[in-house]
Amino acid sequence: MKNIITGFLPDEFKGLLVKFKQPLYRATQILEWIYKKKVISFSEMTNLSKDLKQILDDKLEILALKQLLKLKSKKDNTVKYAFNTNDRQIIESVFIPTQKRATICISTQAGCAYGCIFCASGKKGFKRNLTVAEIVGQVLLVKNDNPERQITNIVIMGMGEPLANYANTIKSLKIFNSPDCFGIGARKITLSTCGLCPQIIDLAKEGIQIERSISLHAAEDKLRSKLMPINRKYPLNELIKTVKKYTQEANRIVTFEYIIINAINDSKEDALKLSKLLKGFQAKVNIIPFNPVQAVDYLPVTKEALEAFCEVLEKNKTNYTIRRSRGSDIQGACGQLRASLEKN
Ligand code: SAH
């Protein structure tokens, strides 16, 4: 099988070219074409010799993904992509432009093993971890397809659980970070996890200054276990203890995500429990309106309930923001597009 360039760190790629008996500067030139000049075919790399292009064509590929579908939201210009891997897994990425930022949301697994009740990704089970080339390729393809905007942020909030594909996710982060590749600062990258405690600690030890987001969605064990089965393995007290330890060590604010769902977790009591749970540590809650998905009969929160919920948070001095739902007309929620494509 051919090596795929988007799966390599710059130093590894240099090592590979040395094996092909090429000078090191060739590696820099090729990476420049791919990551800076948006060229993804060797034949267009005009400063390379014909012989070298032949070697590259024979031995290497640039990408491990092909675009299957692209849907652009008429409401807010969000663009959703479905990509096919070489073994025909369907994965999703989203381009989210706002006035200030241009964010790419990416997947780390085909499917998901964690089965959160509100999420479309887990509905068809887990297929496999994505390779580094498949994770990085999403950013490259979405970036190239939106040349009018400079990519400012990456969020790892697409399909799958990034900390369950730990090594490939960490290596991809380094490629996003590298000035020879995307040059996106660690603080502009957010990783979202359903709460795998051991890996949260491992990640803290990596010393990568990325933003961390913890999917909470409930402030008591009974409800959280119903919404997110992982809570049975790592219940709230363990999760909160782990996250607290991490924030103290790294002196960083952690974000908790709270999908707010009508009549499930949107009462004033729920808000009070949330405030109590997060009392006394540097945390922010991102309140996310539930995006309806197939096969789940939950409803979005009402405006009144949302207001009452936030009032309680405010009264209790809980730091919160409300995430504006985007791409709802293009199946913007995690795993929705794949679910509908596979049905057909
Ligand atoms: N496994 C990781 C990352 C993928 S899900 C995790 O659990 O955090 C990341 C986020 O997708 C969730 O926290 C939530 O913000 C969003 N999400 C998933 N399903 C959603 C839905 N139906 N409505 C709104 N947001 C959803």
# chains A, B, ... in the order shown; residues from 1 in each chain; ligands from 1
>>> residues_around(residues="Leu239 of chain A", least_positions_apart="2", cutoff="12 Å", atoms="only C-alpha atoms", output="CSV table (one decimal) with N, CA, C and O atoms, in the first residue's frame")
chain,number,residue,atom,x,y,z
A,193,THR,N,-14.8,15.6,24.5
A,193,THR,CA,-14.8,14.2,24.9
A,193,THR,C,-16.1,13.9,25.7
A,193,THR,O,-16.6,14.8,26.4
A,194,CYS,N,-16.6,12.7,25.6
A,194,CYS,CA,-17.7,12.3,26.4
A,194,CYS,C,-17.3,12.0,27.8
A,194,CYS,O,-18.2,11.7,28.7
A,195,GLY,N,-16.0,12.1,28.1
A,195,GLY,CA,-15.6,12.0,29.5
A,195,GLY,C,-14.8,10.7,29.8
A,195,GLY,O,-15.1,10.0,30.8
A,196,LEU,N,-13.8,10.3,29.0
A,196,LEU,CA,-13.0,9.2,29.3
A,196,LEU,C,-11.9,9.6,30.3
A,196,LEU,O,-10.9,10.2,29.9
A,197,CYS,N,-12.1,9.3,31.6
A,197,CYS,CA,-11.2,9.9,32.6
A,197,CYS,C,-9.7,9.5,32.4
A,197,CYS,O,-8.9,10.5,32.5
A,198,PRO,N,-9.3,8.3,32.2
A,198,PRO,CA,-7.9,8.0,32.1
A,198,PRO,C,-7.2,8.8,30.9
A,198,PRO,O,-6.1,9.3,31.1
A,199,GLN,N,-7.9,8.9,29.8
A,199,GLN,CA,-7.4,9.6,28.7
A,199,GLN,C,-7.3,11.1,28.9
A,199,GLN,O,-6.5,11.8,28.3
A,200,ILE,N,-8.3,11.6,29.7
A,200,ILE,CA,-8.2,13.1,30.0
A,200,ILE,C,-6.9,13.4,30.8
A,200,ILE,O,-6.3,14.4,30.5
A,201,ILE,N,-6.6,12.5,31.7
A,201,ILE,CA,-5.3,12.7,32.4
A,201,ILE,C,-4.1,12.5,31.5
A,201,ILE,O,-3.2,13.4,31.5
A,214,ILE,N,-15.9,19.1,27.7
A,214,ILE,CA,-16.4,17.9,28.3
A,214,ILE,C,-17.9,17.8,28.0
A,214,ILE,O,-18.6,18.8,28.4
A,215,SER,N,-18.4,16.8,27.4
A,215,SER,CA,-19.8,16.6,27.2
A,215,SER,C,-20.4,16.2,28.5
A,215,SER,O,-20.2,15.0,28.9
A,216,LEU,N,-21.2,17.0,29.1
A,216,LEU,CA,-21.8,16.7,30.4
A,216,LEU,C,-23.3,16.3,30.2
A,216,LEU,O,-23.7,15.2,30.6
A,219,ALA,N,-26.5,16.8,35.2
A,219,ALA,CA,-25.8,17.1,36.4
A,219,ALA,C,-26.1,16.1,37.5
A,219,ALA,O,-25.7,16.4,38.7
A,220,GLU,N,-26.7,15.0,37.2
A,220,GLU,CA,-26.9,13.9,38.2
A,220,GLU,C,-26.7,12.6,37.5
A,220,GLU,O,-27.0,12.4,36.3
A,221,ASP,N,-26.2,11.6,38.2
A,221,ASP,CA,-25.8,10.4,37.6
A,221,ASP,C,-26.9,9.6,36.9
A,221,ASP,O,-26.7,9.1,35.9
A,224,ARG,N,-27.7,11.3,33.7
A,224,ARG,CA,-26.5,11.2,32.8
A,224,ARG,C,-26.3,9.8,32.2
A,224,ARG,O,-25.9,9.6,31.1
A,230,ILE,N,-21.7,6.0,29.0
A,230,ILE,CA,-20.3,6.0,29.5
A,230,ILE,C,-20.3,6.5,31.0
A,230,ILE,O,-19.4,6.2,31.7
A,231,ASN,N,-21.4,7.1,31.4
A,231,ASN,CA,-21.4,7.6,32.8
A,231,ASN,C,-21.4,6.4,33.8
A,231,ASN,O,-21.1,6.6,35.0
A,232,ARG,N,-21.8,5.2,33.3
A,232,ARG,CA,-21.8,4.1,34.2
A,232,ARG,C,-20.4,3.7,34.6
A,232,ARG,O,-20.1,3.1,35.6
A,233,LYS,N,-19.5,3.9,33.6
A,233,LYS,CA,-18.1,3.6,33.8
A,233,LYS,C,-17.4,4.7,34.6
A,233,LYS,O,-16.6,4.4,35.5
A,234,TYR,N,-17.6,5.9,34.1
A,234,TYR,CA,-17.0,7.1,34.8
A,234,TYR,C,-18.0,8.0,35.3
A,234,TYR,O,-18.4,9.0,34.6
A,235,PRO,N,-18.6,7.8,36.4
A,235,PRO,CA,-19.7,8.6,36.9
A,235,PRO,C,-19.2,10.0,37.3
A,235,PRO,O,-18.0,10.3,37.3
A,236,LEU,N,-20.2,10.9,37.5
A,236,LEU,CA,-19.9,12.3,37.6
A,236,LEU,C,-18.9,12.7,38.7
A,236,LEU,O,-18.0,13.5,38.4
A,237,ASN,N,-18.9,12.0,39.9
A,237,ASN,CA,-17.9,12.5,40.8
A,237,ASN,C,-16.5,12.2,40.4
A,237,ASN,O,-15.6,13.0,40.5
A,241,LYS,N,-13.9,15.2,39.5
A,241,LYS,CA,-12.6,15.1,40.2
A,241,LYS,C,-11.4,15.2,39.2
A,241,LYS,O,-10.5,15.9,39.3
A,242,THR,N,-11.6,14.4,38.1
A,242,THR,CA,-10.5,14.3,37.1
A,242,THR,C,-10.3,15.7,36.4
A,242,THR,O,-9.2,16.2,36.2
A,243,VAL,N,-11.4,16.3,36.0
A,243,VAL,CA,-11.4,17.6,35.3
A,243,VAL,C,-10.8,18.7,36.2
A,243,VAL,O,-10.0,19.5,35.8
A,244,LYS,N,-11.2,18.6,37.5
A,244,LYS,CA,-10.8,19.6,38.4
A,244,LYS,C,-9.3,19.5,38.6
A,244,LYS,O,-8.5,20.5,38.6
A,245,LYS,N,-8.8,18.3,38.7
A,245,LYS,CA,-7.3,18.1,38.9
A,245,LYS,C,-6.6,18.6,37.7
A,245,LYS,O,-5.6,19.3,37.8
A,246,TYR,N,-7.2,18.4,36.5
A,246,TYR,CA,-6.5,18.9,35.3
A,246,TYR,C,-6.5,20.4,35.2
A,246,TYR,O,-5.5,21.0,34.9
A,256,PHE,N,-17.7,22.9,29.6
A,256,PHE,CA,-18.7,21.7,29.7
A,256,PHE,C,-19.8,22.0,28.7
A,256,PHE,O,-20.3,23.1,28.6
A,277,LEU,N,-22.9,21.5,40.8
A,277,LEU,CA,-21.8,20.6,40.4
A,277,LEU,C,-20.6,21.4,40.0
A,277,LEU,O,-19.5,20.9,40.2
A,278,LEU,N,-20.8,22.6,39.4
A,278,LEU,CA,-19.6,23.3,38.9
A,278,LEU,C,-19.1,24.4,39.8
A,278,LEU,O,-18.3,25.2,39.4
>>> select_by_dssp(residues="segment 71-317 of chain A", states="alpha helix (DSSP H)", output="ChimeraX atom specification")
/A:132-145,166-177,197-206,221-227,236-250,268-277,303-315
>>> residues_near_ligand(ligand="ligand 1", cutoff="9 Å", atoms="only C-alpha atoms and all ligand atoms", output="PyMOL selection string")
chain A and resi 107-108+112+114+116-121+156-164+191-195+213-217+228+256-261+286-293+296+300+323+325+332-336
>>> residues_around(residues="Tyr320 of chain A", least_positions_apart="4", cutoff="12 Å", atoms="only C-alpha atoms", output="PyMOL selection string")
chain A and resi 254-258+271+274-275+278+282-288+309-316
>>> atom_distance(atom1="atom CA of Val94 of chain A", atom2="atom CA of Asn146 of chain A")
11.4 Å
>>> residues_around(residues="Gln29 of chain A", least_positions_apart="6", cutoff="9 Å", atoms="only C-alpha atoms", output="ChimeraX atom specification")
/A:45,47-48
>>> residues_around(residues="Ala263 of chain A", least_positions_apart="6", cutoff="10 Å", atoms="only C-alpha atoms", output="list in words")
Tyr298, Leu299, Pro300, Val301, Thr302 and Ala305 of chain A
>>> write_last_selection(atoms="N, CA, C and O atoms", output="PDB file, in the first residue's frame")
ATOM      1  N   TYR A 298     -36.866  13.162  21.125  1.00  0.00           N
ATOM      2  CA  TYR A 298     -36.693  14.333  21.976  1.00  0.00           C
ATOM      3  C   TYR A 298     -37.016  15.597  21.193  1.00  0.00           C
ATOM      4  O   TYR A 298     -36.887  15.639  19.979  1.00  0.00           O
ATOM      5  N   LEU A 299     -37.386  16.629  21.944  1.00  0.00           N
ATOM      6  CA  LEU A 299     -37.726  17.908  21.306  1.00  0.00           C
ATOM      7  C   LEU A 299     -36.778  18.997  21.786  1.00  0.00           C
ATOM      8  O   LEU A 299     -36.260  18.940  22.904  1.00  0.00           O
ATOM      9  N   PRO A 300     -36.594  20.023  20.948  1.00  0.00           N
ATOM     10  CA  PRO A 300     -35.751  21.146  21.382  1.00  0.00           C
ATOM     11  C   PRO A 300     -36.381  21.875  22.570  1.00  0.00           C
ATOM     12  O   PRO A 300     -37.603  21.839  22.762  1.00  0.00           O
ATOM     13  N   VAL A 301     -35.572  22.537  23.348  1.00  0.00           N
ATOM     14  CA  VAL A 301     -36.044  23.296  24.509  1.00  0.00           C
ATOM     15  C   VAL A 301     -36.914  24.463  24.031  1.00  0.00           C
ATOM     16  O   VAL A 301     -36.703  24.985  22.935  1.00  0.00           O
ATOM     17  N   THR A 302     -37.886  24.859  24.838  1.00  0.00           N
ATOM     18  CA  THR A 302     -38.673  26.049  24.477  1.00  0.00           C
ATOM     19  C   THR A 302     -37.895  27.292  24.900  1.00  0.00           C
ATOM     20  O   THR A 302     -37.017  27.220  25.762  1.00  0.00           O
ATOM     21  N   ALA A 305     -38.334  27.977  28.659  1.00  0.00           N
ATOM     22  CA  ALA A 305     -37.567  27.086  29.548  1.00  0.00           C
ATOM     23  C   ALA A 305     -36.076  27.444  29.504  1.00  0.00           C
ATOM     24  O   ALA A 305     -35.403  27.430  30.534  1.00  0.00           O
TER      25      ALA A 305
END
